[in-house]
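S.K.: Pasting in a structure now, in structure tokens, and then I'll have a few things to ask.
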Amino acid sequence: MKKDVLIIEDDDDIRYLIEYILKGALYKVRTGTSAKDLNDALAVKLPDIIILDIMLPDGNGIDLCKKIKGNGLTNHIPVIIMSAYQFSNVEDACAEAFINKPFGIHEVITAVEQVS
Amino acid sequence: MGLLAEEKQALLAAIVSSSQDAIISKTLKGIITSWNPAAERLFGYSEKEVLGKHISLIIPEDRIHEEDFIIQQISKGLRLEHFETMRVTSDGRQIPISLTLSPIFNERHEIIGASKIVRDISENITAKQEKEQLYEEIKMLNKKKDEFIALATHELKTPITSLRGFLEVLQKNVSPDGINFSLLERCSRQVNKLIMLLNDLLDVSRVQLGKLQLRYEYFNIVSMATEVLSSFIHFEKHTLSVKNREPIIVYADRIRLEQVLTNLVNNAIKYSPSGGDVEIKIWESRDNIHLSVRDEGIGIDNEHLAEIFSQFYRAVDDQSNISGLGIGLYISKEIIVRHGGTIEAKSRKGGGSIFTVSLPQKKD
């Protein structure tokens with residue numbers, strides 16, 4: 001069964017793009033635009049994978065990732081951080097993968113497959 | 001033949017009265033005994049007004065203790081040179097001055113007073129302050145420029161990411177034999193150019209923040225050069241070639257060296273608009289690996305040659321139709337210098353250019 005991916009990204013077009021790519025690759029997709037959306041979505045149902053933008057209107061993706069990893073209920077969910085800054089140190093944010101903007105379609109799919 | 005004592009006296013008096021610096025003498029008790037015309041001009045008191053008065057007349061209240069120190073030094077027979085302080089004029093203005101004091105001796109070599117030369121340094125101080133202010137301003141502007149580059153680059157990334165992604169999606173959905181496919185391909189090539197420019201700008205801010213890091217590995221630089229050239233095959237007017245066949249292994253940051261070579265080849269093509277050979281040669285010397293890129297292009301003037309590795313410097317004038325931001329060579333040089341190597345250019349106006357990179361190699 002294809003996995004359930006939660007995308008949190010405040011830029012409409014980028015969120016739409018990732019949703020389109022992943023739906024094309026037959027993933028189930030839920031989306032949100034803020035830290036609040038993330039918490040709400042987690043309360044409804046835990047996803048299999050989270051794709052998280054760093055700069056959100058009401059929070060920072062790195063802090064949110066640390067919170068997810070610090071919680072016994074959610075720490076098993078792989079997180080992919082998406083950023084316009086280049087990150088070399090994946091461990092620092094405790095995410096499973098990074099996608100640097102500007103990314104191509106295959107980079108998104110590769111990252112999702114890699115953490116699945 | 002020496003001067004008579006009288007003549008000597010007259011000469012000294014003439015020197016003192018024509019001096020641009022204020023020259024004052026006083027007794028050990030601080031009573032003023034002489035006051036030249038420059039002192040009159042500087043402090044606004046005539047000689048007649050001040051003779052017999054105490055020197056504290058021109059010392060600001062909060063600096064009156066300086067006089068005790070000065071008299072102490074003089075009593076010991078010591079000089080005081082370029083002592084910077086403030087003095088006050090007849091109309092109450094405080095002026096910055098530089099003081100040079102020496103003891104005056106009588107015939108029996110007893111100290112009877114002090115002579116002082118006072119120089120008005122307000123202009124020096126203003127100039128110094130202006131310089132400091134300008135320096136701070138330039139430093140601030142430079143910092144703002146770096147911050148702006150970082151911010152602008154970052155802001156541009158989001159729309160370019162969407163553009164690139166949607167173009168890729170479109171390309172997948174369009175039949176590869178129609179005109180639309182080739183139009184989309186051109187679009188994507190332009191977007192890739194944008195991304196390259198963006199990455200260059202990002203590198204500039206990285207270099208400025210000292211965040212350009214190298215990841216060393218062993219690799220075959222000849223096959224890397226061949227790969228780099230293969231991405232330029234759509235330039236039909238140029239003949240691109242790598243002179244080497246045998247592999248040469250180097251220890252360096254592969255991605256960064258690829259970036260340098262891409263930049264050099266890109267320049268070689270860009271600055272030879274009528275085409276010609278672009279030739280890469282790689283060779284080893286005792287402790288170095290060298291790589292050169294030669295073109296048959298428009299060449300570089302001697303006056304520009306020394307500057308081409310500077311940030312934002314462009315060897316062509318604004319009217320030229322050869323585009324660029326003037327950061328490629330700057331970043332290339334930074335990358336090579338961080339490897340402990342050198343990059344240099346030889347060129348003649350109209351006679352093509354040759355850029356040579358040398359990288360130190362540890363032999364084991």
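Letters for chains follow the order of the structure tokens (A, B, ...), residue numbers begin at 1 for each chain, and ligand numbers begin at 1 in the order shown.
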Write out as a PyMOL selection string the set of residues from region 33-181 of chain B that DSSP, computed on the backbone, places in strand (DSSP E).
M.R.: chain B and resi 33-35+80-88+94-105+111-120
S.K.: With 6 Å as the limit and counting only C-alpha atoms, what residues in chain B lie close to chain A? Please list them as number ranges by chain.
M.R.: B: 157, 161-162, 165
S.K.: Residues near Ser353 (chain B), anyone? I mean within 12 Å using only C-alpha atoms, not counting same-chain ones fewer than 2 positions away, as JSON, numbers by chain.
M.R.: {"B": [264, 265, 267, 268, 269, 270, 271, 272, 277, 278, 279, 292, 293, 294, 295, 296, 297, 298, 299, 300, 301, 302, 305, 344, 345, 346, 347, 348, 349, 350, 351, 355, 356]}
S.K.: Deliver the residues from the most recent selection as a file, using N, CA and C atoms, as a short mmCIF file (atom, residue, chain, number, x, y, z; two decimals), in the first residue's frame.
M.R.:
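The new file again.cif reads:
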```
data_model
loop_
_atom_site.label_atom_id
_atom_site.label_comp_id
_atom_site.auth_asym_id
_atom_site.auth_seq_id
_atom_site.Cartn_x
_atom_site.Cartn_y
_atom_site.Cartn_z
N LEU B 264 35.44 28.33 -16.46
CA LEU B 264 36.51 28.69 -17.40
C LEU B 264 36.09 28.39 -18.84
N VAL B 265 35.45 27.24 -19.04
CA VAL B 265 35.03 26.86 -20.39
C VAL B 265 33.91 27.80 -20.86
N ASN B 267 33.44 30.87 -19.93
CA ASN B 267 34.08 32.15 -20.30
C ASN B 267 34.76 32.05 -21.66
N ALA B 268 35.47 30.92 -21.86
CA ALA B 268 36.21 30.74 -23.12
C ALA B 268 35.26 30.85 -24.30
N ILE B 269 34.07 30.23 -24.16
CA ILE B 269 33.08 30.27 -25.24
C ILE B 269 32.46 31.66 -25.36
N LYS B 270 32.09 32.20 -24.18
CA LYS B 270 31.40 33.49 -24.15
C LYS B 270 32.27 34.59 -24.77
N TYR B 271 33.57 34.55 -24.48
CA TYR B 271 34.45 35.62 -24.96
C TYR B 271 35.14 35.27 -26.27
N SER B 272 34.65 34.22 -26.97
CA SER B 272 35.09 34.05 -28.35
C SER B 272 33.86 33.92 -29.23
N ASP B 277 38.83 27.24 -31.37
CA ASP B 277 39.14 26.10 -30.50
C ASP B 277 39.06 26.50 -29.04
N VAL B 278 38.53 25.60 -28.23
CA VAL B 278 38.66 25.72 -26.78
C VAL B 278 39.31 24.42 -26.32
N GLU B 279 40.51 24.57 -25.76
CA GLU B 279 41.30 23.37 -25.53
C GLU B 279 41.69 23.25 -24.05
N SER B 292 44.91 23.73 -17.91
CA SER B 292 44.76 25.01 -18.60
C SER B 292 43.59 24.96 -19.57
N VAL B 293 42.95 26.11 -19.74
CA VAL B 293 41.88 26.25 -20.71
C VAL B 293 42.29 27.38 -21.66
N ARG B 294 42.41 27.03 -22.94
CA ARG B 294 42.88 28.01 -23.92
C ARG B 294 41.76 28.30 -24.91
N ASP B 295 41.62 29.58 -25.26
CA ASP B 295 40.63 29.91 -26.29
C ASP B 295 41.25 30.82 -27.33
N GLU B 296 40.51 31.06 -28.40
CA GLU B 296 40.99 31.94 -29.48
C GLU B 296 40.11 33.17 -29.57
N GLY B 297 39.65 33.63 -28.43
CA GLY B 297 38.64 34.69 -28.38
C GLY B 297 39.22 36.09 -28.41
N ILE B 298 38.41 37.03 -27.85
CA ILE B 298 38.73 38.46 -27.96
C ILE B 298 39.89 38.87 -27.06
N GLY B 299 40.27 38.01 -26.09
CA GLY B 299 41.40 38.33 -25.24
C GLY B 299 41.08 39.42 -24.22
N ILE B 300 42.07 39.69 -23.36
CA ILE B 300 41.85 40.64 -22.27
C ILE B 300 42.96 41.68 -22.31
N ASP B 301 42.57 42.95 -22.18
CA ASP B 301 43.54 44.05 -22.11
C ASP B 301 44.45 43.87 -20.90
N ASN B 302 45.67 44.38 -21.03
CA ASN B 302 46.58 44.34 -19.89
C ASN B 302 46.02 45.04 -18.67
N LEU B 305 43.65 42.71 -16.91
CA LEU B 305 44.14 41.38 -16.56
C LEU B 305 44.36 41.20 -15.05
N GLU B 344 45.89 31.61 -12.76
CA GLU B 344 46.37 32.82 -13.43
C GLU B 344 45.92 32.87 -14.88
N ALA B 345 45.96 34.08 -15.41
CA ALA B 345 45.49 34.28 -16.78
C ALA B 345 46.59 34.93 -17.60
N LYS B 346 46.77 34.41 -18.82
CA LYS B 346 47.65 35.09 -19.78
C LYS B 346 46.79 35.41 -20.98
N SER B 347 46.93 36.62 -21.46
CA SER B 347 46.08 37.00 -22.58
C SER B 347 46.62 38.22 -23.30
N ARG B 348 46.14 38.39 -24.50
CA ARG B 348 46.50 39.56 -25.30
C ARG B 348 45.22 39.99 -25.99
N LYS B 349 44.97 41.29 -26.05
CA LYS B 349 43.77 41.79 -26.72
C LYS B 349 43.74 41.25 -28.15
N GLY B 350 42.69 40.53 -28.48
CA GLY B 350 42.57 39.99 -29.83
C GLY B 350 43.31 38.67 -30.04
N GLY B 351 44.06 38.25 -29.02
CA GLY B 351 44.90 37.06 -29.22
C GLY B 351 44.52 35.87 -28.38
N PHE B 355 43.90 30.30 -19.32
CA PHE B 355 43.79 30.29 -17.86
C PHE B 355 44.40 29.01 -17.34
N THR B 356 45.29 29.14 -16.35
CA THR B 356 45.96 27.95 -15.82
C THR B 356 45.72 27.83 -14.31
#
```
S.K.: If you run DSSP on this backbone, which residues of region 190-342 of chain B come out as helix (DSSP H, G or I), and could you give them as an NGL selection string?
M.R.: :B and (190-208 or 221-230 or 254-270 or 302-305 or 328-338)
S.K.: Give me the residues near region 48-57 of chain A as a list of chain:residue names, where near means some atom within 6 Å (using only C-alpha atoms) and where sequence neighbours in that chain fewer than 2 positions away do not count.
M.R.: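 Result of the neighbour search: A:Lys3, A:Asp4, A:Val5, A:Leu6, A:Ile7, A:Ile8, A:Glu9, A:Ser34, A:Gly59, A:Asn60, A:Gly61, A:Ile77, A:Pro78, A:Val79, A:Ile80, A:Ile81, A:Met82, A:Ser83.
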S.K.: Need to verify the contact set: Ser75 (chain B), 9 Å, only C-alpha atoms, exclusion of same-chain residues closer than 2 positions in sequence. Can you return it as JSON, numbers by chain?
M.R.: {"B": [28, 70, 71, 72, 73, 77, 78, 103, 111, 112, 113, 114]}
S.K.: Work out how far CA of Ile233 (chain B) is from CA of Gly326 (chain B), in Å to one decimal.
M.R.: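 According to the coordinates, CA of Gly326 (chain B) and CA of Ile233 (chain B) are separated by 24.0 Å.
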S.K.: Tell me, in Å to one decimal, how far CA of Phe219 (chain B) is from CA of Leu257 (chain B).
M.R.: 10.9 Å
S.K.: Excluding region 330-332 of chain B and residues on its chain fewer than 4 positions from it, collect all residues at most 6 Å away from it, counting only C-alpha atoms, and give them as number ranges by chain.
M.R.: B: 260, 309-311
S.K.: Just C-alpha atoms for this one: save the residues we selected as a short mmCIF file (atom, residue, chain, number, x, y, z; two decimals), in the first residue's frame.
M.R.:
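And here is the file that came out, result-v2.cif:
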```cif
data_model
loop_
_atom_site.label_atom_id
_atom_site.label_comp_id
_atom_site.auth_asym_id
_atom_site.auth_seq_id
_atom_site.Cartn_x
_atom_site.Cartn_y
_atom_site.Cartn_z
CA VAL B 260 35.80 26.14 -11.77
CA PHE B 309 39.65 37.82 -10.34
CA SER B 310 38.08 40.60 -8.25
CA GLN B 311 34.50 40.49 -7.10
#
```
S.K.: Expressed in Å to a single decimal, how great is the separation between CA of Gly352 (chain B) and CA of Ala315 (chain B)?
M.R.: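 Computing it gives 13.7 Å between the two atoms.
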S.K.: Could you give me, as a PyMOL selection string, the residues within 12 Å of region 60-64 of chain B, counting only C-alpha atoms and dropping anything in the same chain fewer than 2 positions from it?
M.R.: chain B and resi 30+54-58+66-71+84-90+92-96
S.K.: Of the candidates B:Lys193, B:Cys187, B:Ile104, B:Leu202, which shows the shortest atom-to-atom distance to Leu151 (chain B), using only C-alpha atoms?
M.R.: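 For Leu151 (chain B), the nearest of the given residues is B:Leu202.
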